Amino acid sequence: MAGQPGFFDLSNRYEALSAAGDPLERLSGVVDFEVFRGPLIAALRRSVRGKGGRPPFDPVMMFKILVLQALYSFSDEATEFQIKDRLSFQRFLGLGLDGTVPDATTVWLFCERLVQAKAIDKLFARFDAALTDRGYLAMGGQIIDATVVPAPKQRNTEEEKAAIKDGRIPEAWKAK
């Protein structure tokens with residue numbers, strides 16, 4: 001039947017995403033997002049609440065949403081839409097097709113709480129450090145391709161360093 005999903009359709013789509021080189025899958029393999037749980041919980045300390053209301057979303061998943069926003073330059077509303085729309089985003093966040101996606105206001109409030117706790121800059125600095133430690137560089141700001149790529153480490157020779165300090169172009173560089 002054409003309209004009815006098959007038992008393995010979702011796993012086949014995940015395999016196709018992986019085969020195409022899903023950058024978010026690679027990012028999940030590079031950064032252990034669980035190291036952010038402790039600092040997130042500390043920054044988001046809540047007062048004791050009475051029973052009732054919906055439990056908060058997982059703070060690590062919410063931080064991953066902020067990472068998506070930073071990589072793809074999404075507004076809160078666009079973030080909500082893209083998470084609902086993109087299978088790769090859902091997989092990155094650990095959401096199934098039936099998972100509840102935080103709305104734009106929830107994303108904004110989460111970010112604001114981190115800003116008020118003066119934790120957002122520290123968290124992203126730690127995220128950037130985790131990437132750098134593994135030899136990667138986050139290239140963000142482009143919806144077309146927010147890819148995590150290996151960053152080559154430049155090694156200048158002593159002669160090149162001396163030439164640079166003297167304001168000269170090293171001989172080996174002139175040909176390039």
# chains A, B, ... in the order shown; residues from 1 in each chain; ligands from 1
call {"tool": "residues_around", "arguments": {"residues": "segment 170-174 of chain A", "least_positions_apart": "6", "cutoff": "8 Å", "atoms": "only C-alpha atoms", "output": "MDAnalysis selection string"}}
result
chainID A and resid 159:160 163:164
call {"tool": "closest_residue", "arguments": {"among": "A:Ala175, A:Ile169, A:Val60, A:Leu71", "to": "Leu24 of chain A", "atoms": "only C-alpha atoms"}}
result
A:Leu71
call {"tool": "residues_around", "arguments": {"residues": "segment 94-102 of chain A", "least_positions_apart": "6", "cutoff": "8 Å", "atoms": "only C-alpha atoms", "output": "mmCIF file with N, CA, C and O atoms, in the first residue's frame"}}
result
data_model
loop_
_atom_site.group_PDB
_atom_site.id
_atom_site.type_symbol
_atom_site.label_atom_id
_atom_site.label_comp_id
_atom_site.auth_asym_id
_atom_site.auth_seq_id
_atom_site.Cartn_x
_atom_site.Cartn_y
_atom_site.Cartn_z
ATOM 1 N N PHE A 57 11.385 20.035 29.742
ATOM 2 C CA PHE A 57 12.103 19.249 28.749
ATOM 3 C C PHE A 57 13.503 18.958 29.269
ATOM 4 O O PHE A 57 14.042 19.685 30.104
ATOM 5 N N MET A 61 18.762 18.163 25.774
ATOM 6 C CA MET A 61 18.066 18.296 24.498
ATOM 7 C C MET A 61 17.832 19.774 24.181
ATOM 8 O O MET A 61 18.023 20.218 23.045
ATOM 9 N N GLU A 80 11.501 25.791 15.881
ATOM 10 C CA GLU A 80 10.373 24.896 16.150
ATOM 11 C C GLU A 80 9.916 24.220 14.868
ATOM 12 O O GLU A 80 9.733 22.994 14.829
ATOM 13 N N ILE A 83 12.577 21.629 13.490
ATOM 14 C CA ILE A 83 12.638 20.386 14.274
ATOM 15 C C ILE A 83 11.470 19.485 13.898
ATOM 16 O O ILE A 83 11.632 18.275 13.735
ATOM 17 N N LYS A 84 10.283 20.074 13.726
ATOM 18 C CA LYS A 84 9.119 19.286 13.331
ATOM 19 C C LYS A 84 9.270 18.751 11.907
ATOM 20 O O LYS A 84 8.759 17.688 11.587
#
call {"tool": "closest_residue", "arguments": {"among": "A:Ala117, A:Leu68, A:Thr105, A:Arg26", "to": "Arg46 of chain A", "atoms": "only C-alpha atoms"}}
result
A:Ala117
call {"tool": "residues_around", "arguments": {"residues": "Arg37 of chain A", "least_positions_apart": "5", "cutoff": "10 Å", "atoms": "only C-alpha atoms", "output": "PyMOL selection string"}}
result
chain A and resi 42-43+58-61+63
call {"tool": "write_last_selection", "arguments": {"atoms": "N, CA and C atoms", "output": "mmCIF file, in the first residue's frame"}}
result
data_model
loop_
_atom_site.group_PDB
_atom_site.id
_atom_site.type_symbol
_atom_site.label_atom_id
_atom_site.label_comp_id
_atom_site.auth_asym_id
_atom_site.auth_seq_id
_atom_site.Cartn_x
_atom_site.Cartn_y
_atom_site.Cartn_z
ATOM 1 N N ALA A 42 22.701 23.049 37.098
ATOM 2 C CA ALA A 42 23.098 24.070 38.074
ATOM 3 C C ALA A 42 22.594 25.449 37.653
ATOM 4 N N ALA A 43 22.676 25.759 36.379
ATOM 5 C CA ALA A 43 22.245 27.074 35.897
ATOM 6 C C ALA A 43 20.728 27.221 35.888
ATOM 7 N N ASP A 58 14.105 17.909 28.749
ATOM 8 C CA ASP A 58 15.462 17.537 29.124
ATOM 9 C C ASP A 58 16.400 18.699 28.806
ATOM 10 N N PRO A 59 17.197 19.155 29.787
ATOM 11 C CA PRO A 59 18.061 20.317 29.535
ATOM 12 C C PRO A 59 19.125 20.074 28.468
ATOM 13 N N VAL A 60 19.613 18.840 28.338
ATOM 14 C CA VAL A 60 20.614 18.548 27.313
ATOM 15 C C VAL A 60 19.982 18.662 25.928
ATOM 16 N N MET A 61 18.762 18.163 25.774
ATOM 17 C CA MET A 61 18.066 18.296 24.498
ATOM 18 C C MET A 61 17.832 19.774 24.181
ATOM 19 N N PHE A 63 19.641 22.291 25.176
ATOM 20 C CA PHE A 63 20.918 22.887 24.801
ATOM 21 C C PHE A 63 21.274 22.521 23.359
#
call {"tool": "closest_residue", "arguments": {"among": "A:Ala16, A:Arg45, A:Val31, A:Gln116", "to": "Asp133 of chain A", "atoms": "only C-alpha atoms"}}
result
A:Val31
call {"tool": "residues_around", "arguments": {"residues": "Val35 of chain A", "least_positions_apart": "5", "cutoff": "10 Å", "atoms": "only C-alpha atoms", "output": "list in words"}}
result
Leu40, Val60, Arg126, Phe127 and Ala130 of chain A
call {"tool": "select_by_dssp", "arguments": {"residues": "segment 1-175 of chain A", "states": "alpha helix (DSSP H)", "output": "ChimeraX atom specification"}}
result
/A:9-19,23-30,37-43,59-72,76-85,87-93,104-116,120-133,158-165,171-174
call {"tool": "closest_residue", "arguments": {"among": "A:Ala78, A:Ala129, A:Val107, A:Ala19", "to": "Pro56 of chain A", "atoms": "only C-alpha atoms"}}
result
A:Val107
call {"tool": "closest_residue", "arguments": {"among": "A:Leu131, A:Phe89, A:Asp9, A:Thr157", "to": "Tyr72 of chain A", "atoms": "only C-alpha atoms"}}
result
A:Phe89
call {"tool": "decode", "arguments": {"residues": "segment 73-85 of chain A", "atoms": "all heavy atoms", "output": "JSON list (two decimals), in the first residue's frame"}}
result
[["chain", "number", "residue", "atom", "x", "y", "z"],
["A", 73, "SER", "N", 21.54, 29.53, 12.29],
["A", 73, "SER", "CA", 21.02, 30.90, 12.40],
["A", 73, "SER", "C", 19.49, 30.95, 12.32],
["A", 73, "SER", "O", 18.92, 31.73, 11.56],
["A", 73, "SER", "CB", 21.63, 31.81, 11.33],
["A", 73, "SER", "OG", 23.01, 31.88, 11.47],
["A", 74, "PHE", "N", 18.84, 30.12, 13.10],
["A", 74, "PHE", "CA", 17.38, 30.06, 13.12],
["A", 74, "PHE", "C", 16.82, 30.97, 14.22],
["A", 74, "PHE", "O", 17.40, 31.08, 15.29],
["A", 74, "PHE", "CB", 16.88, 28.64, 13.43],
["A", 74, "PHE", "CG", 17.04, 27.65, 12.33],
["A", 74, "PHE", "CD1", 17.22, 26.31, 12.64],
["A", 74, "PHE", "CD2", 16.98, 28.01, 11.00],
["A", 74, "PHE", "CE1", 17.36, 25.36, 11.63],
["A", 74, "PHE", "CE2", 17.12, 27.07, 9.99],
["A", 74, "PHE", "CZ", 17.30, 25.75, 10.31],
["A", 75, "SER", "N", 15.67, 31.54, 13.94],
["A", 75, "SER", "CA", 14.89, 32.21, 14.98],
["A", 75, "SER", "C", 14.23, 31.12, 15.82],
["A", 75, "SER", "O", 14.25, 29.93, 15.46],
["A", 75, "SER", "CB", 13.81, 33.10, 14.36],
["A", 75, "SER", "OG", 12.84, 32.29, 13.70],
["A", 76, "ASP", "N", 13.61, 31.51, 16.92],
["A", 76, "ASP", "CA", 12.93, 30.51, 17.76],
["A", 76, "ASP", "C", 11.79, 29.85, 16.99],
["A", 76, "ASP", "O", 11.61, 28.63, 17.06],
["A", 76, "ASP", "CB", 12.39, 31.17, 19.04],
["A", 76, "ASP", "CG", 13.51, 31.74, 19.90],
["A", 76, "ASP", "OD1", 14.61, 31.14, 19.94],
["A", 76, "ASP", "OD2", 13.29, 32.78, 20.55],
["A", 77, "GLU", "N", 11.05, 30.64, 16.24],
["A", 77, "GLU", "CA", 9.92, 30.09, 15.46],
["A", 77, "GLU", "C", 10.42, 29.15, 14.36],
["A", 77, "GLU", "O", 9.85, 28.08, 14.14],
["A", 77, "GLU", "CB", 9.08, 31.22, 14.85],
["A", 77, "GLU", "CG", 8.28, 32.02, 15.84],
["A", 77, "GLU", "CD", 9.11, 33.04, 16.63],
["A", 77, "GLU", "OE1", 10.28, 33.32, 16.24],
["A", 77, "GLU", "OE2", 8.60, 33.54, 17.64],
["A", 78, "ALA", "N", 11.47, 29.56, 13.67],
["A", 78, "ALA", "CA", 12.03, 28.71, 12.62],
["A", 78, "ALA", "C", 12.60, 27.42, 13.21],
["A", 78, "ALA", "O", 12.50, 26.36, 12.59],
["A", 78, "ALA", "CB", 13.12, 29.46, 11.84],
["A", 79, "THR", "N", 13.17, 27.52, 14.40],
["A", 79, "THR", "CA", 13.72, 26.33, 15.05],
["A", 79, "THR", "C", 12.61, 25.32, 15.32],
["A", 79, "THR", "O", 12.76, 24.14, 15.03],
["A", 79, "THR", "CB", 14.42, 26.71, 16.38],
["A", 79, "THR", "OG1", 15.46, 27.64, 16.08],
["A", 79, "THR", "CG2", 14.97, 25.50, 17.08],
["A", 80, "GLU", "N", 11.50, 25.79, 15.88],
["A", 80, "GLU", "CA", 10.37, 24.90, 16.15],
["A", 80, "GLU", "C", 9.92, 24.22, 14.87],
["A", 80, "GLU", "O", 9.73, 22.99, 14.83],
["A", 80, "GLU", "CB", 9.22, 25.69, 16.77],
["A", 80, "GLU", "CG", 7.98, 24.85, 17.02],
["A", 80, "GLU", "CD", 6.79, 25.66, 17.51],
["A", 80, "GLU", "OE1", 6.92, 26.87, 17.75],
["A", 80, "GLU", "OE2", 5.70, 25.06, 17.65],
["A", 81, "PHE", "N", 9.76, 25.00, 13.80],
["A", 81, "PHE", "CA", 9.30, 24.45, 12.53],
["A", 81, "PHE", "C", 10.30, 23.42, 11.99],
["A", 81, "PHE", "O", 9.91, 22.33, 11.56],
["A", 81, "PHE", "CB", 9.08, 25.56, 11.50],
["A", 81, "PHE", "CG", 8.71, 25.02, 10.15],
["A", 81, "PHE", "CD1", 7.41, 24.64, 9.88],
["A", 81, "PHE", "CD2", 9.67, 24.85, 9.16],
["A", 81, "PHE", "CE1", 7.06, 24.12, 8.63],
["A", 81, "PHE", "CE2", 9.34, 24.32, 7.92],
["A", 81, "PHE", "CZ", 8.03, 23.95, 7.66],
["A", 82, "GLN", "N", 11.57, 23.77, 11.99],
["A", 82, "GLN", "CA", 12.58, 22.89, 11.40],
["A", 82, "GLN", "C", 12.71, 21.58, 12.18],
["A", 82, "GLN", "O", 12.94, 20.53, 11.58],
["A", 82, "GLN", "CB", 13.93, 23.59, 11.32],
["A", 82, "GLN", "CG", 13.97, 24.75, 10.34],
["A", 82, "GLN", "CD", 13.72, 24.32, 8.90],
["A", 82, "GLN", "OE1", 13.94, 23.18, 8.52],
["A", 82, "GLN", "NE2", 13.25, 25.25, 8.10],
["A", 83, "ILE", "N", 12.58, 21.63, 13.49],
["A", 83, "ILE", "CA", 12.64, 20.39, 14.27],
["A", 83, "ILE", "C", 11.47, 19.48, 13.90],
["A", 83, "ILE", "O", 11.63, 18.27, 13.74],
["A", 83, "ILE", "CB", 12.64, 20.68, 15.78],
["A", 83, "ILE", "CG1", 13.94, 21.38, 16.18],
["A", 83, "ILE", "CG2", 12.47, 19.38, 16.59],
["A", 83, "ILE", "CD1", 13.93, 21.94, 17.59],
["A", 84, "LYS", "N", 10.28, 20.07, 13.73],
["A", 84, "LYS", "CA", 9.12, 19.29, 13.33],
["A", 84, "LYS", "C", 9.27, 18.75, 11.91],
["A", 84, "LYS", "O", 8.76, 17.69, 11.59],
["A", 84, "LYS", "CB", 7.85, 20.13, 13.42],
["A", 84, "LYS", "CG", 7.44, 20.44, 14.84],
["A", 84, "LYS", "CD", 6.23, 21.35, 14.89],
["A", 84, "LYS", "CE", 5.82, 21.64, 16.31],
["A", 84, "LYS", "NZ", 4.70, 22.60, 16.37],
["A", 85, "ASP", "N", 9.98, 19.49, 11.07],
["A", 85, "ASP", "CA", 10.08, 19.18, 9.65],
["A", 85, "ASP", "C", 11.23, 18.22, 9.30],
["A", 85, "ASP", "O", 11.10, 17.41, 8.40],
["A", 85, "ASP", "CB", 10.25, 20.48, 8.87],
["A", 85, "ASP", "CG", 10.18, 20.27, 7.37],
["A", 85, "ASP", "OD1", 9.17, 19.73, 6.90],
["A", 85, "ASP", "OD2", 11.15, 20.64, 6.69]]
